[in-house]
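Report on one structure; see the data block that follows.
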Number of protein chains: 2
Amino acid sequence: MLLHDIVEPSAPARAAYKWRGLASDLSALGEAEKLLAARPQLVFHLAAIVSGEAEADFDKGYRVNLDGTRRLFEAIRAIGGGYKPRVVFASSIAVFGAPFPEAIGDEFLCAPLTSYGTQKAIDELLLADYSRRGFFDGIGIRLPTICVRPGKPNRAASGFFSGIIREPLAGQEAVLPVTKTVRHWFASPRAGVGFLLLAARLDTAQLGARRNLTMPGISATVGEQIEALARVAGDAAVKRIREEPDPVIQRIVEGWPRNFDARRATQLGFRADASFDDIIRAHIEDELRPRPS
Amino acid sequence: MLLHDIVEPSAPARAAYKWRGLASDLSALGEAEKLLAARPQLVFHLAAIVSGEAEADFDKGYRVNLDGTRRLFEAIRAIGGGYKPRVVFASSIAVFGAPFPEAIGDEFLCAPLTSYGTQKAIDELLLADYSRRGFFDGIGIRLPTICVRPGKPNRAASGFFSGIIREPLAGQEAVLPVTKTVRHWFASPRAGVGFLLLAARLDTAQLGARRNLTMPGISATVGEQIEALARVAGDAAVKRIREEPDPVIQRIVEGWPRNFDARRATQLGFRADASFDDIIRAHIEDELRPRPS
């Protein structure tokens, strides 16, 4: 497995396979070609510039999220000679923009309200057309907001959804920049990994020409997230959440979807977490308990 | 008015305004900047490579329809300093792909089944994001198939919809490459001009962030088109239509939409023709009758 990122990828924990890491800018000319040198039969494209940063830096977001993706797709196409890898593209529910129906169905329009969402929606269209043309065998999966995201905060405007669970569980203070009535759509890293692995082996003939799928998830308000935290970890954890309203983040998040009817993906076998409590428990098990090395 | 095309634009008939023509490739570096030298307050972007050609030449379609449009948008953005023209973008119902509901509403997804439709859908997303960012004041209008299109046949797969009316009215034979049950969505050139002019002056605050609108039209089968031709021009005209099935065109057209509920555009004042008979009469009046010079 070749792991690629703009920064040196860290070693996968307990990898049962050979891997090497490569750090470079996918949007630079010629980089995609290097990544494909070994003709991988499976490509996970999880890039790249997150929502807050793509909104703050218009050029960078388009250069990496749109042009970088297109260069990867073009590099695959250029190889030809029957090379037709499975391409699993991590899209986002940010392709949708308000106003929304009560639950967003599989035929609802993509009308993003951020540049990040626009770039992901464009990548989805390219993925579908390149697949239709037979240049590769693509599937785009619209991930719910992954929560609890392990590691350090990033510049995603959605970062606090994880922060208000992760930091208190680690004994640290977390900032809540939005009101508790904000409703959002979540999947655990476990569920996210499950989506990616199923997307890698799914019979794409079932998809027809519509190659992009909304993944199932859990719909919860920030208030419900905090109640789940209280149930799983007690009130002491909840007290570490400090409310500090940020109108910019509030506005961005208000344009995001809250609830979905992810019927197609569910019928294809994609599975969400059972509850937000389970999402928190999975985080504790996977990230906070000592593991045999 | 500056008229721009890849070929030398012909003189507008009875123009009551000053104009000049310019022939160049919009997708070439630096061309968009030249077109904006006079800082037009209104830009109609009607380009470019039509559906049949964009399907036959993948690179050309993306270079012109996607990169050319993006270069135009970027050139407007680069001017800055408060320059914020109205940009009216001619999109297409080819942004939609089967399977369809009985009538496609304003919240139906864009899942194109051609590279042309993909390029238009991407341009729509860019237009909405550039408008949201305040780089220009854009509106995308999804034109029905314009019928009866005057002049010579082009390489659009939809060309026959006009040909089977235009050629018989001119005393010439027309080829019908699809079955008579094919249903499609039409507007006359008169209605199309009306759409463009209203889009140029519409208060775009009414659009919110959803800058792309399906225009109203007339839904008719090829059989109904031919019946209308018989009513307006008699059976002699109908006899000039020769059926010559083309599986490639049949397949492309089967992926196209048939009927819409264009509620938003109708509420904003966009008006379709009253019937297909009226579409044929408009063609006769505008193209076939001698006019005072």
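The way I read the labels, and the way they are meant: chains A, B, ... in the order of the structure tokens, residue 1 as the first residue of every chain, and ligand 1 as the first ligand shown, with later ones counted on from there.
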- [ ] Show me which bits of chain A are within 12 Å of chain B, counting only C-alpha atoms, as a ChimeraX atom specification.
- [x] /A:54-59,62,66-67,70,74,77-78,95-101,104-133,135,208-213,255
- [ ] Would you please give, as a ChimeraX atom specification, all residues of segment 55-183 of chain B that DSSP assigns to alpha helix (DSSP H) based on the backbone?
- [x] /B:55-56,58-61,69-79,115-132,159-169
So that I have them on file, write out the residues from the current selection with N, CA and C atoms, as a compact mmCIF listing (two decimals), in the first residue's frame.
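Contents of the output file again-v7.txt:
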```txt
# COMPACT_ATOMS: atom_id res chain seq x y z
N GLU B 55 -19.22 14.52 -26.74
CA GLU B 55 -19.20 13.08 -26.50
C GLU B 55 -18.14 12.41 -27.38
N ALA B 56 -17.98 12.95 -28.60
CA ALA B 56 -17.02 12.36 -29.55
C ALA B 56 -15.59 12.77 -29.21
N PHE B 58 -13.63 13.96 -26.06
CA PHE B 58 -13.61 14.18 -24.62
C PHE B 58 -12.76 15.39 -24.23
N ASP B 59 -11.54 15.45 -24.76
CA ASP B 59 -10.62 16.53 -24.37
C ASP B 59 -11.13 17.89 -24.81
N LYS B 60 -11.63 17.96 -26.01
CA LYS B 60 -12.10 19.25 -26.52
C LYS B 60 -13.28 19.76 -25.71
N GLY B 61 -14.21 18.87 -25.39
CA GLY B 61 -15.38 19.26 -24.60
C GLY B 61 -14.98 19.84 -23.25
N THR B 69 -14.95 28.14 -19.67
CA THR B 69 -15.88 28.82 -18.76
C THR B 69 -15.18 29.25 -17.49
N ARG B 70 -14.37 28.36 -16.95
CA ARG B 70 -13.65 28.68 -15.72
C ARG B 70 -12.69 29.85 -15.94
N ARG B 71 -12.04 29.86 -17.09
CA ARG B 71 -11.12 30.98 -17.40
C ARG B 71 -11.87 32.29 -17.49
N LEU B 72 -13.06 32.26 -18.07
CA LEU B 72 -13.88 33.47 -18.12
C LEU B 72 -14.23 33.92 -16.71
N PHE B 73 -14.67 33.01 -15.88
CA PHE B 73 -15.05 33.35 -14.51
C PHE B 73 -13.84 33.88 -13.73
N GLU B 74 -12.70 33.22 -13.92
CA GLU B 74 -11.49 33.64 -13.22
C GLU B 74 -11.03 35.03 -13.69
N ALA B 75 -11.18 35.29 -14.98
CA ALA B 75 -10.76 36.59 -15.51
C ALA B 75 -11.63 37.71 -14.93
N ILE B 76 -12.90 37.44 -14.75
CA ILE B 76 -13.79 38.44 -14.13
C ILE B 76 -13.34 38.67 -12.69
N ARG B 77 -13.10 37.59 -11.97
CA ARG B 77 -12.69 37.68 -10.57
C ARG B 77 -11.37 38.45 -10.43
N ALA B 78 -10.45 38.23 -11.39
CA ALA B 78 -9.12 38.85 -11.30
C ALA B 78 -9.19 40.37 -11.45
N ILE B 79 -10.21 40.87 -12.11
CA ILE B 79 -10.31 42.32 -12.31
C ILE B 79 -10.53 43.02 -10.96
N SER B 115 -20.97 13.79 -21.41
CA SER B 115 -19.88 14.68 -20.96
C SER B 115 -20.32 16.14 -21.08
N TYR B 116 -21.08 16.45 -22.10
CA TYR B 116 -21.62 17.80 -22.26
C TYR B 116 -22.45 18.20 -21.04
N GLY B 117 -23.37 17.34 -20.65
CA GLY B 117 -24.20 17.64 -19.48
C GLY B 117 -23.35 17.76 -18.21
N THR B 118 -22.32 16.92 -18.11
CA THR B 118 -21.41 17.00 -16.96
C THR B 118 -20.72 18.37 -16.93
N GLN B 119 -20.24 18.80 -18.08
CA GLN B 119 -19.54 20.10 -18.15
C GLN B 119 -20.48 21.24 -17.79
N LYS B 120 -21.70 21.19 -18.28
CA LYS B 120 -22.67 22.25 -17.95
C LYS B 120 -22.99 22.24 -16.45
N ALA B 121 -23.14 21.05 -15.89
CA ALA B 121 -23.45 20.94 -14.46
C ALA B 121 -22.30 21.50 -13.61
N ILE B 122 -21.08 21.25 -14.03
CA ILE B 122 -19.91 21.79 -13.32
C ILE B 122 -19.89 23.31 -13.45
N ASP B 123 -20.14 23.81 -14.65
CA ASP B 123 -20.18 25.27 -14.84
C ASP B 123 -21.23 25.90 -13.94
N GLU B 124 -22.38 25.24 -13.80
CA GLU B 124 -23.43 25.75 -12.91
C GLU B 124 -22.92 25.87 -11.47
N LEU B 125 -22.22 24.83 -11.02
CA LEU B 125 -21.70 24.85 -9.65
C LEU B 125 -20.69 25.98 -9.47
N LEU B 126 -19.82 26.16 -10.47
CA LEU B 126 -18.86 27.26 -10.41
C LEU B 126 -19.58 28.61 -10.38
N LEU B 127 -20.56 28.76 -11.27
CA LEU B 127 -21.31 30.02 -11.32
C LEU B 127 -21.94 30.35 -9.98
N ALA B 128 -22.51 29.35 -9.34
CA ALA B 128 -23.16 29.58 -8.05
C ALA B 128 -22.13 29.97 -6.99
N ASP B 129 -20.97 29.30 -7.01
CA ASP B 129 -19.95 29.60 -5.98
C ASP B 129 -19.32 30.97 -6.22
N TYR B 130 -19.02 31.30 -7.46
CA TYR B 130 -18.45 32.62 -7.77
C TYR B 130 -19.45 33.73 -7.43
N SER B 131 -20.73 33.45 -7.62
CA SER B 131 -21.75 34.45 -7.28
C SER B 131 -21.86 34.59 -5.77
N ARG B 132 -21.87 33.46 -5.07
CA ARG B 132 -21.96 33.47 -3.62
C ARG B 132 -20.79 34.24 -3.01
N GLY B 159 -30.08 17.85 -32.77
CA GLY B 159 -30.32 18.63 -34.00
C GLY B 159 -31.57 18.23 -34.76
N PHE B 160 -31.89 16.94 -34.76
CA PHE B 160 -33.03 16.47 -35.57
C PHE B 160 -34.35 17.04 -35.09
N PHE B 161 -34.46 17.37 -33.78
CA PHE B 161 -35.73 17.92 -33.27
C PHE B 161 -36.12 19.18 -34.06
N SER B 162 -35.12 19.97 -34.45
CA SER B 162 -35.38 21.14 -35.29
C SER B 162 -35.44 20.74 -36.76
N GLY B 163 -34.55 19.84 -37.14
CA GLY B 163 -34.45 19.47 -38.55
C GLY B 163 -35.75 18.96 -39.13
N ILE B 164 -36.49 18.16 -38.33
CA ILE B 164 -37.72 17.56 -38.87
C ILE B 164 -38.83 18.60 -39.05
N ILE B 165 -38.66 19.80 -38.53
CA ILE B 165 -39.60 20.89 -38.79
C ILE B 165 -39.02 21.85 -39.83
N ARG B 166 -37.75 22.22 -39.62
CA ARG B 166 -37.12 23.27 -40.45
C ARG B 166 -36.96 22.83 -41.90
N GLU B 167 -36.41 21.63 -42.12
CA GLU B 167 -36.15 21.20 -43.50
C GLU B 167 -37.46 21.03 -44.29
N PRO B 168 -38.48 20.33 -43.75
CA PRO B 168 -39.73 20.20 -44.52
C PRO B 168 -40.37 21.56 -44.85
N LEU B 169 -40.32 22.51 -43.92
CA LEU B 169 -40.88 23.84 -44.19
C LEU B 169 -40.12 24.55 -45.29
```
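Comparing the minimum interatomic distances between Ile6 of chain A and each of A:Ile284, A:Val222, A:Leu207, A:Leu26, counting only C-alpha atoms, we find that A:Leu26 sits nearest.
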Open item on the list: I'd like the neighbourhood of Ile146 of chain B as a list in words, where a residue qualifies if any of its atoms comes within 6 Å (using only C-alpha atoms), though same-chain residues fewer than 5 positions away should be ignored.
Closed with: Phe186, Ala187, Ser188 and Pro189 of chain B
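Residues of segment 171-249 of chain B carrying a DSSP assignment of strand (DSSP E or B), computed from the backbone, are Ala174, Val175, Leu176, Arg183, His184, Trp185, Phe186, Ala187, Asn212, Leu213, Thr214, Ile218, Ser219, Ala220, Thr221, Ile241, Arg242 and Glu243 of chain B.
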Could you turn the residues from that selection into a file that holds N, CA and C atoms, as a short mmCIF file (atom, residue, chain, number, x, y, z; two decimals), in the first residue's frame?
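This went into part_28.cif:
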```cif
data_model
loop_
_atom_site.label_atom_id
_atom_site.label_comp_id
_atom_site.auth_asym_id
_atom_site.auth_seq_id
_atom_site.Cartn_x
_atom_site.Cartn_y
_atom_site.Cartn_z
N ALA B 174 -35.88 15.76 -44.44
CA ALA B 174 -35.27 15.72 -43.10
C ALA B 174 -35.16 14.28 -42.66
N VAL B 175 -34.11 13.99 -41.87
CA VAL B 175 -33.91 12.64 -41.34
C VAL B 175 -34.37 12.60 -39.88
N LEU B 176 -35.16 11.59 -39.56
CA LEU B 176 -35.59 11.35 -38.17
C LEU B 176 -34.85 10.13 -37.65
N ARG B 183 -40.06 11.60 -26.13
CA ARG B 183 -40.64 12.86 -25.63
C ARG B 183 -39.51 13.80 -25.23
N HIS B 184 -39.70 15.08 -25.50
CA HIS B 184 -38.64 16.04 -25.20
C HIS B 184 -39.24 17.40 -24.83
N TRP B 185 -38.35 18.34 -24.50
CA TRP B 185 -38.73 19.60 -23.85
C TRP B 185 -38.22 20.75 -24.70
N PHE B 186 -39.15 21.61 -25.16
CA PHE B 186 -38.81 22.58 -26.20
C PHE B 186 -39.13 24.03 -25.84
N ALA B 187 -38.37 24.93 -26.42
CA ALA B 187 -38.71 26.35 -26.43
C ALA B 187 -38.31 26.92 -27.78
N ASN B 212 -29.12 28.63 -10.47
CA ASN B 212 -29.39 27.95 -11.73
C ASN B 212 -30.84 27.50 -11.81
N LEU B 213 -31.48 27.87 -12.90
CA LEU B 213 -32.92 27.68 -13.02
C LEU B 213 -33.29 26.89 -14.25
N THR B 214 -34.18 25.93 -14.08
CA THR B 214 -34.76 25.25 -15.23
C THR B 214 -35.81 26.16 -15.87
N ILE B 218 -42.20 23.47 -23.54
CA ILE B 218 -43.31 22.63 -24.02
C ILE B 218 -42.81 21.20 -24.09
N SER B 219 -43.53 20.28 -23.47
CA SER B 219 -43.17 18.87 -23.56
C SER B 219 -43.96 18.24 -24.71
N ALA B 220 -43.24 17.66 -25.65
CA ALA B 220 -43.92 17.04 -26.80
C ALA B 220 -43.14 15.82 -27.27
N THR B 221 -43.88 14.80 -27.78
CA THR B 221 -43.22 13.67 -28.42
C THR B 221 -42.88 14.07 -29.86
N ILE B 241 -40.24 13.98 -44.19
CA ILE B 241 -39.48 13.40 -43.08
C ILE B 241 -39.20 11.93 -43.37
N ARG B 242 -37.92 11.57 -43.38
CA ARG B 242 -37.54 10.19 -43.65
C ARG B 242 -37.01 9.56 -42.37
N GLU B 243 -37.61 8.41 -41.98
CA GLU B 243 -37.15 7.72 -40.77
C GLU B 243 -35.90 6.91 -41.06
#
```
Open item on the list: Can you tell me which residues surround Asn154 of chain B at a distance of at most 12 Å, considering only C-alpha atoms, apart from same-chain residues fewer than 2 positions away, and format the answer as a ChimeraX atom specification?
Closed with: /B:48-53,149-152,156-163
